[in-house]
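File shown here: coords.cif, holding mmCIF, C-alpha atoms.
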```cif
data_data
loop_
_atom_site.label_atom_id
_atom_site.label_comp_id
_atom_site.auth_asym_id
_atom_site.auth_seq_id
_atom_site.Cartn_x
_atom_site.Cartn_y
_atom_site.Cartn_z
CA MET J 191 -9.92 -9.25 28.38
CA GLN J 192 -8.45 -5.82 29.07
CA ILE J 193 -6.55 -4.04 26.29
CA LYS J 194 -4.13 -1.55 27.83
CA LYS J 195 -1.34 -1.66 25.25
CA ALA J 196 -1.19 -0.51 21.63
CA VAL J 197 1.37 -1.01 18.87
CA ILE J 198 1.60 1.39 15.93
CA THR J 199 3.69 0.25 12.96
CA ALA J 200 5.51 2.93 10.99
CA ALA J 201 8.68 1.31 9.68
CA GLY J 202 7.73 0.65 6.05
CA LYS J 203 9.86 2.43 3.44
CA SER J 204 6.85 4.09 1.86
CA GLN J 205 5.22 4.64 5.25
CA ARG J 206 7.87 6.14 7.51
CA THR J 207 7.24 9.82 6.70
CA LEU J 208 3.44 9.65 6.55
CA PRO J 209 2.75 9.76 10.31
CA LEU J 210 4.85 12.95 10.44
CA GLN J 211 2.52 14.83 8.07
CA THR J 212 0.54 17.73 9.54
CA LEU J 213 -3.24 18.05 9.25
CA VAL J 214 -5.93 20.17 10.87
CA ASP J 215 -7.84 17.96 13.29
CA ARG J 216 -11.56 18.09 14.08
CA ASP J 217 -10.96 20.60 16.86
CA GLY J 218 -9.37 23.02 14.41
CA GLN J 219 -5.85 22.44 15.75
CA GLN J 220 -2.86 21.47 13.63
CA LYS J 221 -1.52 18.04 14.57
CA THR J 222 0.59 15.35 12.99
CA ALA J 223 -1.05 12.16 11.79
CA LEU J 224 0.88 10.36 14.55
CA ALA J 225 -0.61 12.60 17.25
CA ILE J 226 -4.12 12.00 15.88
CA ILE J 227 -3.59 8.22 15.90
CA VAL J 228 -2.21 8.28 19.46
CA GLN J 229 -5.23 10.30 20.60
CA GLU J 230 -7.45 7.65 18.99
CA VAL J 231 -5.93 4.82 21.04
CA LEU J 232 -5.73 6.74 24.31
CA LYS J 233 -9.46 7.46 24.14
CA ALA J 234 -9.99 3.70 23.84
CA GLY J 235 -8.48 3.17 27.29
CA VAL J 236 -4.97 2.26 26.15
CA GLU J 237 -2.29 3.26 28.65
CA GLU J 238 0.97 2.29 26.91
CA VAL J 239 1.87 2.83 23.26
CA CYS J 240 4.79 1.37 21.30
CA VAL J 241 5.72 2.71 17.85
CA VAL J 242 7.75 0.49 15.52
CA ILE J 243 10.03 2.73 13.45
CA CYS J 244 13.03 2.65 11.13
CA ALA J 245 16.46 3.16 12.64
CA GLY J 246 17.19 6.83 13.19
CA ASP J 247 13.57 8.02 13.17
CA GLN J 248 13.03 8.25 16.92
CA ASP J 249 13.75 11.99 17.31
CA SER J 250 11.39 12.89 14.46
CA TYR J 251 8.62 10.73 15.87
CA ARG J 252 9.07 11.99 19.40
CA ALA J 253 8.74 15.56 18.13
CA ALA J 254 5.70 14.63 16.02
CA ALA J 255 3.93 13.10 19.03
CA GLY J 256 3.85 16.49 20.73
CA LEU J 257 2.16 16.39 24.13
CA HIS J 258 1.88 12.59 23.90
CA ALA J 259 5.64 11.99 23.50
CA SER J 260 6.05 10.87 27.12
CA ARG J 261 3.46 8.13 26.58
CA LEU J 262 5.37 6.49 23.74
CA ARG J 263 8.02 3.80 23.58
CA PHE J 264 9.96 3.21 20.37
CA VAL J 265 11.26 -0.01 18.84
CA GLU J 266 13.35 -0.12 15.69
CA GLN J 267 12.84 -2.62 12.87
CA ALA J 268 16.42 -3.13 11.76
CA ALA J 269 15.61 -4.73 8.39
CA PRO J 270 12.52 -4.74 6.12
CA LEU J 271 11.44 -8.32 6.77
CA GLY J 272 7.71 -7.85 6.33
CA TYR J 273 4.77 -6.42 8.22
CA GLY J 274 4.50 -9.41 10.52
CA HIS J 275 8.14 -8.97 11.47
CA ALA J 276 7.48 -5.29 12.26
CA VAL J 277 4.73 -6.34 14.64
CA GLN J 278 6.95 -9.00 16.20
CA CYS J 279 9.58 -6.34 16.95
CA ALA J 280 7.21 -5.13 19.69
CA ALA J 281 7.04 -8.57 21.38
CA ALA J 282 8.99 -7.48 24.45
CA PHE J 283 6.59 -4.55 24.87
CA THR J 284 3.38 -6.57 24.56
CA ALA J 285 4.75 -9.47 26.66
CA ASP J 286 1.83 -11.78 27.54
CA ASP J 287 -0.87 -9.15 27.09
CA PRO J 288 -3.45 -8.63 24.34
CA PHE J 289 -2.85 -5.46 22.38
CA LEU J 290 -4.39 -3.05 19.91
CA LEU J 291 -2.51 -2.92 16.62
CA LEU J 292 -2.72 0.00 14.19
CA VAL J 293 -0.85 1.07 11.07
CA GLY J 294 0.75 4.50 11.03
CA ASP J 295 -0.62 5.57 7.65
CA HIS J 296 -4.38 5.32 8.36
CA LEU J 297 -6.63 7.88 10.00
CA TYR J 298 -10.16 7.14 11.18
CA VAL J 299 -13.45 9.01 11.34
CA SER J 300 -16.23 7.45 13.39
CA ARG J 301 -19.93 7.71 12.57
CA ALA J 302 -20.87 6.69 16.10
CA GLU J 303 -20.55 8.21 19.56
CA LYS J 304 -17.44 6.14 20.27
CA ASN J 305 -14.37 6.41 18.08
CA CYS J 306 -13.24 3.50 15.92
CA ALA J 307 -10.62 2.19 18.36
CA GLN J 308 -13.14 2.29 21.21
CA GLN J 309 -15.65 0.27 19.17
CA LEU J 310 -13.05 -2.40 18.42
CA VAL J 311 -11.64 -2.60 21.96
CA LEU J 312 -15.11 -2.93 23.48
CA ALA J 313 -15.98 -5.76 21.08
CA ALA J 314 -12.72 -7.63 21.74
CA SER J 315 -13.10 -7.22 25.50
CA ALA J 316 -16.64 -8.61 25.37
CA GLU J 317 -15.78 -11.53 23.06
CA ALA J 318 -12.40 -12.32 24.70
CA CYS J 319 -10.71 -13.20 21.41
CA CYS J 320 -8.86 -11.66 18.47
CA VAL J 321 -11.01 -9.17 16.57
CA SER J 322 -10.02 -7.38 13.37
CA ALA J 323 -11.76 -4.23 12.24
CA VAL J 324 -13.04 -4.46 8.66
CA GLN J 325 -14.79 -2.24 6.14
CA ALA J 326 -16.96 -3.38 3.24
CA THR J 327 -14.77 -2.37 0.31
CA HIS J 328 -15.27 -2.40 -3.46
CA GLU J 329 -13.29 -5.04 -5.32
CA SER J 330 -11.31 -2.35 -7.16
CA LYS J 331 -9.49 -1.64 -3.87
CA LEU J 332 -8.47 -5.25 -3.21
CA PRO J 333 -4.83 -4.62 -4.29
CA TYR J 334 -4.40 -2.32 -1.29
CA TYR J 335 -5.74 -4.39 1.62
CA GLY J 336 -5.86 -7.75 3.30
CA ALA J 337 -9.34 -9.26 3.20
CA ALA J 338 -11.33 -11.77 5.22
CA GLY J 339 -14.03 -14.26 4.37
CA GLY J 340 -16.56 -15.68 6.79
CA ARG J 341 -20.13 -15.42 7.95
CA LEU J 342 -22.23 -13.18 10.12
CA VAL J 343 -22.41 -14.28 13.77
CA PRO J 344 -26.05 -15.33 14.38
CA GLY J 345 -28.07 -12.66 16.11
CA ARG J 346 -25.32 -10.03 15.86
CA GLN J 347 -24.93 -6.99 13.65
CA ARG J 348 -21.64 -6.24 11.87
CA LEU J 349 -19.83 -9.09 13.69
CA TYR J 350 -18.40 -11.92 11.56
CA GLN J 351 -16.76 -15.27 12.25
CA ILE J 352 -13.62 -15.33 10.09
CA ASP J 353 -12.59 -18.52 8.30
CA THR J 354 -10.16 -17.21 5.65
CA VAL J 355 -7.66 -14.35 5.38
CA ILE J 356 -5.85 -13.42 2.17
CA GLU J 357 -3.39 -10.56 1.75
CA LYS J 358 -4.25 -8.35 -1.24
CA PRO J 359 -6.30 -11.00 -3.07
CA THR J 360 -7.03 -10.87 -6.77
CA PRO J 361 -10.70 -10.40 -7.73
CA THR J 362 -10.79 -14.06 -8.78
CA GLU J 363 -9.42 -15.23 -5.41
CA ALA J 364 -11.87 -12.99 -3.59
CA GLU J 365 -14.82 -14.29 -5.60
CA GLN J 366 -13.83 -17.90 -4.94
CA ARG J 367 -12.84 -17.71 -1.27
CA LEU J 368 -13.97 -14.47 0.36
CA ILE J 369 -17.66 -14.10 -0.45
CA VAL J 370 -19.54 -13.06 2.70
CA PRO J 371 -23.31 -13.66 2.66
CA GLY J 372 -25.19 -10.40 3.05
CA LEU J 373 -22.62 -8.08 1.50
CA ARG J 374 -23.42 -6.25 -1.72
CA ALA J 375 -22.08 -7.84 -4.89
CA GLY J 376 -18.51 -6.79 -5.62
CA ARG J 377 -17.74 -5.85 -2.00
CA TYR J 378 -15.51 -7.66 0.46
CA LEU J 379 -14.52 -7.36 4.11
CA CYS J 380 -11.15 -5.63 3.85
CA PHE J 381 -9.01 -4.86 6.86
CA PHE J 382 -9.35 -1.47 8.47
CA GLY J 383 -5.74 -1.18 9.62
CA MET J 384 -6.77 -1.93 13.20
CA HIS J 385 -6.78 -5.24 15.14
CA VAL J 386 -6.96 -6.48 18.71
CA LEU J 387 -4.60 -9.45 18.92
CA THR J 388 -3.84 -12.00 21.62
CA PRO J 389 -0.40 -13.20 22.81
CA MET J 390 -0.81 -16.32 20.64
CA VAL J 391 -0.44 -14.19 17.51
CA MET J 392 2.78 -12.66 18.81
CA GLU J 393 4.08 -16.11 19.76
CA ARG J 394 3.50 -17.40 16.24
CA LEU J 395 5.26 -14.35 14.76
CA ARG J 396 8.17 -14.95 17.14
CA GLU J 397 8.44 -18.57 15.98
CA MET J 398 8.52 -17.53 12.33
CA ALA J 399 11.20 -14.92 13.02
CA ALA J 400 13.30 -17.46 14.95
CA ALA J 401 13.05 -19.83 11.99
CA GLY J 402 14.66 -17.16 9.83
CA LYS J 403 11.67 -16.65 7.57
CA ASN J 404 11.84 -13.46 5.51
CA GLY J 405 8.88 -11.37 4.43
CA ILE J 406 6.75 -12.46 7.38
CA ALA J 407 3.11 -11.66 6.62
CA LEU J 408 0.68 -11.02 9.45
CA SER J 409 -2.13 -12.19 7.17
CA SER J 410 -0.72 -15.72 7.00
CA VAL J 411 -0.67 -15.90 10.81
CA LEU J 412 -4.25 -14.61 10.99
CA ASN J 413 -5.35 -17.13 8.39
CA ALA J 414 -3.85 -19.96 10.47
CA LEU J 415 -5.45 -18.48 13.58
CA ALA J 416 -8.89 -18.77 12.00
CA ASP J 417 -8.40 -22.55 11.80
CA ARG J 418 -7.35 -22.94 15.44
CA GLU J 419 -9.43 -20.60 17.55
CA ARG J 420 -12.31 -18.15 17.55
CA TYR J 421 -11.39 -15.14 15.44
CA LEU J 422 -13.87 -12.38 14.63
CA ALA J 423 -14.19 -9.35 12.40
CA LEU J 424 -16.14 -6.24 13.31
CA GLU J 425 -17.47 -3.90 10.67
CA LEU J 426 -16.99 -0.58 12.44
CA GLN J 427 -19.27 2.41 12.29
CA GLY J 428 -16.70 4.63 10.67
CA ARG J 429 -14.31 4.97 7.75
CA ARG J 430 -10.59 4.48 7.32
CA TYR J 431 -8.49 6.89 5.29
CA ASP J 432 -5.19 5.63 3.91
CA ILE J 433 -2.99 8.71 3.68
CA GLY J 434 -0.45 6.80 1.62
CA LEU J 435 -2.72 6.58 -1.42
CA LYS J 436 -2.82 9.16 -4.22
CA TYR J 437 -4.77 12.11 -2.77
CA GLY J 438 -4.99 10.09 0.45
CA LEU J 439 -3.74 12.93 2.64
CA LEU J 440 -6.16 15.35 0.97
CA THR J 441 -9.09 12.94 1.38
CA ALA J 442 -8.25 12.36 5.04
CA GLN J 443 -8.00 16.09 5.66
CA LEU J 444 -11.42 16.67 4.08
CA ALA J 445 -12.92 13.86 6.17
CA LEU J 446 -11.52 15.33 9.38
CA ALA J 447 -12.66 18.83 8.45
CA LEU J 448 -16.19 17.75 7.55
CA ASP J 449 -16.42 15.92 10.88
CA GLY J 450 -15.12 18.87 12.87
CA GLN J 451 -15.97 22.28 14.19
CA ASP J 452 -15.12 24.04 10.92
CA ARG J 453 -17.49 21.91 8.83
CA ASP J 454 -19.67 24.82 7.65
CA GLU J 455 -16.68 26.93 6.61
CA VAL J 456 -15.10 24.03 4.71
CA LEU J 457 -18.38 23.18 2.95
CA SER J 458 -18.84 26.82 1.97
CA ASN J 459 -15.34 26.95 0.49
CA LEU J 460 -15.89 23.71 -1.43
CA VAL J 461 -19.19 24.95 -2.88
CA GLU J 462 -17.51 28.21 -3.91
CA MET J 463 -14.66 26.35 -5.62
CA LEU J 464 -17.09 24.08 -7.49
CA ALA J 465 -19.21 27.05 -8.56
CA LEU J 466 -16.16 28.87 -9.92
CA LYS J 467 -15.16 25.78 -11.87
CA GLU J 468 -18.67 25.45 -13.33
CA ASN J 469 -18.72 29.07 -14.42
CA GLU J 470 -15.30 29.12 -16.01
CA THR J 471 -15.43 30.03 -19.70
CA PRO J 472 -13.24 27.80 -21.86
CA ALA J 473 -10.33 29.69 -23.40
CA LEU J 474 -10.62 30.29 -27.16
#
```
Before anything else, please render the file you have as structure tokens.
Amino acid sequence: MQIKKAVITAAGKSQRTLPLQTLVDRDGQQKTALAIIVQEVLKAGVEEVCVVICAGDQDSYRAAAGLHASRLRFVEQAAPLGYGHAVQCAAAFTADDPFLLLVGDHLYVSRAEKNCAQQLVLAASAEACCVSAVQATHESKLPYYGAAGGRLVPGRQRLYQIDTVIEKPTPTEAEQRLIVPGLRAGRYLCFFGMHVLTPMVMERLREMAAAGKNGIALSSVLNALADRERYLALELQGRRYDIGLKYGLLTAQLALALDGQDRDEVLSNLVEMLALKENETPAL
């Protein structure tokens, strides 16, 4: 299974400006979050990229893509009908091909030689099925992510057979339905903001949209998928950084800096700041 197409969703009301934010990347160059995400997918062998945006945002996104602007196609989500609907808006672009799906408000830092998108694409190509990237996440973060339950594939590391998907589960739901043998207590396999999906997923989203269903959730389609065909989760060697969270942009910037060429300078500045704070004398 070859993955040559990618879809990046960026049409959510609280999401639309986040990919336009500027950070300093690992090479010391200023780039938008969108440009960093596009670089991530291109290094994974993707050749065509579609960005799902709100109406009127195309010029801003094209400018934010910089040197990669010519590689992008844009599709508008005319109404806020859910994340699944945003994905389905790219159906004409993906056609009958598998595709890499990413959200526009997450950045990724790999702890391996290959970046996070490469790790996922290689796994999906080898397994020839849908594969979602996951990260073992503390239960306190469950309100922010979709989560999957399942079991480790025999003889494999970090690869899980998914049997249940729940969008933003409560701790009680997670404890009852999403326990994964082998994970530390209080941790669950939460989505990474990155999936490789097959045309069947897009077909199901298209059917739901045609039926006039509002608030289409991708998680419900993935949960149904787990009952009908082989669907895996891969715990990547890397971390996701949600720039939409409080201090999310700051945390992502620190992660990029500490993984980049200016690591020593950034560490030195952080140590200096902490030392100054320690030595401050309380005002009388």
Exercise on region 403-407 of chain J, axis-aligned box with 5 Å per side, report centre and edge lengths in Å to one decimal, as AutoDock Vina command-line options:
```
--center_x 7.5 --center_y -14.0 --center_z 6.0 --size_x 18.7 --size_y 15.3 --size_z 13.1
```
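The residue that comes closest to Asn305 (chain J), out of J:His385, J:Ile198, J:Val391, J:Ala234 and on the basis of only C-alpha atoms, is J:Ala234.
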Determine, counting all atoms listed in the file, which protein, DNA and RNA residues have an atom within 12 Å of an atom of Ser204 (chain J); residues of the same chain fewer than 5 positions away are not included. Present the result as a ChimeraX atom specification.
/J:209,244,270,294-295,433-435
Quick check, in Å to one decimal: how far apart do CA of Cys319 (chain J) and CA of Gly272 (chain J) lie?
24.4 Å
Here's a test: counting only C-alpha atoms, identify every protein, DNA and RNA residue with an atom at most 12 Å from (-26.3, -10.4, 9.1) in the file's coordinate frame, and state them as a short mmCIF file (atom, residue, chain, number, x, y, z; two decimals) with C-alpha atoms, in the coordinates of the input.
```cif
data_model
loop_
_atom_site.label_atom_id
_atom_site.label_comp_id
_atom_site.auth_asym_id
_atom_site.auth_seq_id
_atom_site.Cartn_x
_atom_site.Cartn_y
_atom_site.Cartn_z
CA GLY J 340 -16.56 -15.68 6.79
CA ARG J 341 -20.13 -15.42 7.95
CA LEU J 342 -22.23 -13.18 10.12
CA VAL J 343 -22.41 -14.28 13.77
CA PRO J 344 -26.05 -15.33 14.38
CA GLY J 345 -28.07 -12.66 16.11
CA ARG J 346 -25.32 -10.03 15.86
CA GLN J 347 -24.93 -6.99 13.65
CA ARG J 348 -21.64 -6.24 11.87
CA LEU J 349 -19.83 -9.09 13.69
CA TYR J 350 -18.40 -11.92 11.56
CA GLN J 351 -16.76 -15.27 12.25
CA VAL J 370 -19.54 -13.06 2.70
CA PRO J 371 -23.31 -13.66 2.66
CA GLY J 372 -25.19 -10.40 3.05
CA LEU J 373 -22.62 -8.08 1.50
CA ARG J 374 -23.42 -6.25 -1.72
CA LEU J 424 -16.14 -6.24 13.31
CA GLU J 425 -17.47 -3.90 10.67
#
```
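Across J:Ala223, J:Ala326, J:Ala399, J:Asp454, the tightest approach to Ala375 (chain J) is made by J:Ala326 when counting all atoms listed in the file.
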Within 10 Å of (-3.8, -6.0, 13.2), all atoms listed in the file: residues as an mmCIF file with C-alpha atoms, in the coordinates of the input?
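So selection32.cif came out as:
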```cif
data_model
loop_
_atom_site.group_PDB
_atom_site.id
_atom_site.type_symbol
_atom_site.label_atom_id
_atom_site.label_comp_id
_atom_site.auth_asym_id
_atom_site.auth_seq_id
_atom_site.Cartn_x
_atom_site.Cartn_y
_atom_site.Cartn_z
ATOM 1 C CA VAL J 197 1.370 -1.010 18.870
ATOM 2 C CA ILE J 198 1.600 1.390 15.930
ATOM 3 C CA THR J 199 3.690 0.250 12.960
ATOM 4 C CA TYR J 273 4.770 -6.420 8.220
ATOM 5 C CA GLY J 274 4.500 -9.410 10.520
ATOM 6 C CA VAL J 277 4.730 -6.340 14.640
ATOM 7 C CA PHE J 289 -2.850 -5.460 22.380
ATOM 8 C CA LEU J 290 -4.390 -3.050 19.910
ATOM 9 C CA LEU J 291 -2.510 -2.920 16.620
ATOM 10 C CA LEU J 292 -2.720 0.000 14.190
ATOM 11 C CA VAL J 293 -0.850 1.070 11.070
ATOM 12 C CA CYS J 320 -8.860 -11.660 18.470
ATOM 13 C CA VAL J 321 -11.010 -9.170 16.570
ATOM 14 C CA SER J 322 -10.020 -7.380 13.370
ATOM 15 C CA ALA J 323 -11.760 -4.230 12.240
ATOM 16 C CA PHE J 381 -9.010 -4.860 6.860
ATOM 17 C CA PHE J 382 -9.350 -1.470 8.470
ATOM 18 C CA GLY J 383 -5.740 -1.180 9.620
ATOM 19 C CA MET J 384 -6.770 -1.930 13.200
ATOM 20 C CA HIS J 385 -6.780 -5.240 15.140
ATOM 21 C CA VAL J 386 -6.960 -6.480 18.710
ATOM 22 C CA LEU J 387 -4.600 -9.450 18.920
ATOM 23 C CA VAL J 391 -0.440 -14.190 17.510
ATOM 24 C CA LEU J 408 0.680 -11.020 9.450
ATOM 25 C CA SER J 409 -2.130 -12.190 7.170
ATOM 26 C CA LEU J 412 -4.250 -14.610 10.990
#
```
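With distances restricted to only C-alpha atoms, J:Gln309 is the closest residue to Val324 (chain J) from J:Asn469, J:Gln229, J:Gln309, J:Thr222.
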Test item: the PyMOL selection byres ((chain J and resi 251) around 10) resolved as a PyMOL selection string:
chain J and resi 200+206-207+209-210+222+224-225+241+243+246-250+252-256+259+262+264
How would region 202-299 of chain J look written as a CSV table (one decimal), in the first residue's frame with C-alpha atoms?
```csv
chain,number,residue,atom,x,y,z
J,202,GLY,CA,-12.1,24.3,13.1
J,203,LYS,CA,-13.1,27.6,14.6
J,204,SER,CA,-10.5,27.4,17.4
J,205,GLN,CA,-8.0,25.8,15.0
J,206,ARG,CA,-8.0,28.0,11.9
J,207,THR,CA,-5.3,30.5,13.0
J,208,LEU,CA,-3.0,28.0,14.8
J,209,PRO,CA,-1.2,26.7,11.6
J,210,LEU,CA,-0.4,30.3,10.7
J,211,GLN,CA,1.7,30.8,13.9
J,212,THR,CA,5.4,31.3,13.5
J,213,LEU,CA,8.0,29.2,15.4
J,214,VAL,CA,11.7,28.7,15.1
J,215,ASP,CA,12.3,25.2,13.6
J,216,ARG,CA,15.1,22.8,14.5
J,217,ASP,CA,17.3,24.2,11.8
J,218,GLY,CA,17.1,27.7,13.4
J,219,GLN,CA,14.8,29.1,10.7
J,220,GLN,CA,11.5,30.8,11.3
J,221,LYS,CA,8.6,28.9,9.8
J,222,THR,CA,4.9,28.7,10.3
J,223,ALA,CA,3.4,25.6,12.0
J,224,LEU,CA,1.8,24.8,8.6
J,225,ALA,CA,5.2,24.8,6.8
J,226,ILE,CA,6.6,22.5,9.5
J,227,ILE,CA,3.7,20.1,9.2
J,228,VAL,CA,4.0,20.0,5.4
J,229,GLN,CA,7.7,19.3,5.7
J,230,GLU,CA,6.8,16.4,8.0
J,231,VAL,CA,4.6,14.8,5.4
J,232,LEU,CA,6.8,15.4,2.4
J,233,LYS,CA,9.7,13.6,4.2
J,234,ALA,CA,7.4,10.6,4.5
J,235,GLY,CA,7.2,10.3,0.8
J,236,VAL,CA,3.9,12.1,0.3
J,237,GLU,CA,3.6,13.9,-3.1
J,238,GLU,CA,0.3,15.7,-2.9
J,239,VAL,CA,-1.1,17.6,0.1
J,240,CYS,CA,-4.7,18.9,0.6
J,241,VAL,CA,-5.5,21.4,3.3
J,242,VAL,CA,-9.1,21.7,4.5
J,243,ILE,CA,-9.8,25.3,5.5
J,244,CYS,CA,-12.5,27.7,6.4
J,245,ALA,CA,-13.9,29.8,3.6
J,246,GLY,CA,-11.7,32.8,2.9
J,247,ASP,CA,-8.6,31.4,4.4
J,248,GLN,CA,-6.8,30.3,1.3
J,249,ASP,CA,-4.6,33.3,0.7
J,250,SER,CA,-3.4,33.3,4.3
J,251,TYR,CA,-2.6,29.6,4.2
J,252,ARG,CA,-0.9,29.9,0.8
J,253,ALA,CA,1.4,32.6,2.2
J,254,ALA,CA,2.0,30.6,5.4
J,255,ALA,CA,3.1,27.5,3.3
J,256,GLY,CA,6.1,29.5,1.9
J,257,LEU,CA,8.2,27.5,-0.4
J,258,HIS,CA,5.7,24.6,-0.2
J,259,ALA,CA,2.7,26.6,-1.5
J,260,SER,CA,2.9,25.1,-5.0
J,261,ARG,CA,2.5,21.6,-3.5
J,262,LEU,CA,-0.8,22.4,-1.7
J,263,ARG,CA,-4.4,22.1,-2.8
J,264,PHE,CA,-7.1,23.7,-0.7
J,265,VAL,CA,-10.7,22.6,0.0
J,266,GLU,CA,-13.1,24.7,2.0
J,267,GLN,CA,-15.4,23.3,4.7
J,268,ALA,CA,-18.5,25.5,4.2
J,269,ALA,CA,-20.1,24.7,7.5
J,270,PRO,CA,-18.9,23.3,10.9
J,271,LEU,CA,-20.4,19.9,10.6
J,272,GLY,CA,-17.8,18.0,12.6
J,273,TYR,CA,-14.3,16.7,12.2
J,274,GLY,CA,-15.4,13.7,10.1
J,275,HIS,CA,-17.1,16.1,7.7
J,276,ALA,CA,-13.9,18.1,7.4
J,277,VAL,CA,-12.1,15.0,6.4
J,278,GLN,CA,-14.8,14.0,4.0
J,279,CYS,CA,-14.5,17.4,2.2
J,280,ALA,CA,-11.2,16.1,0.8
J,281,ALA,CA,-12.9,13.0,-0.8
J,282,ALA,CA,-12.5,14.2,-4.3
J,283,PHE,CA,-8.7,14.8,-3.6
J,284,THR,CA,-8.1,11.3,-2.0
J,285,ALA,CA,-10.3,9.5,-4.6
J,286,ASP,CA,-9.7,5.8,-4.3
J,287,ASP,CA,-6.3,6.1,-2.6
J,288,PRO,CA,-5.1,5.6,1.0
J,289,PHE,CA,-4.0,8.8,2.6
J,290,LEU,CA,-2.2,10.3,5.5
J,291,LEU,CA,-4.4,12.4,7.7
J,292,LEU,CA,-3.0,15.1,10.1
J,293,VAL,CA,-4.5,17.9,12.2
J,294,GLY,CA,-3.3,21.4,11.7
J,295,ASP,CA,-2.7,22.2,15.3
J,296,HIS,CA,-0.2,19.5,16.3
J,297,LEU,CA,3.5,19.5,15.8
J,298,TYR,CA,5.7,16.4,16.2
J,299,VAL,CA,9.2,15.7,17.5
```
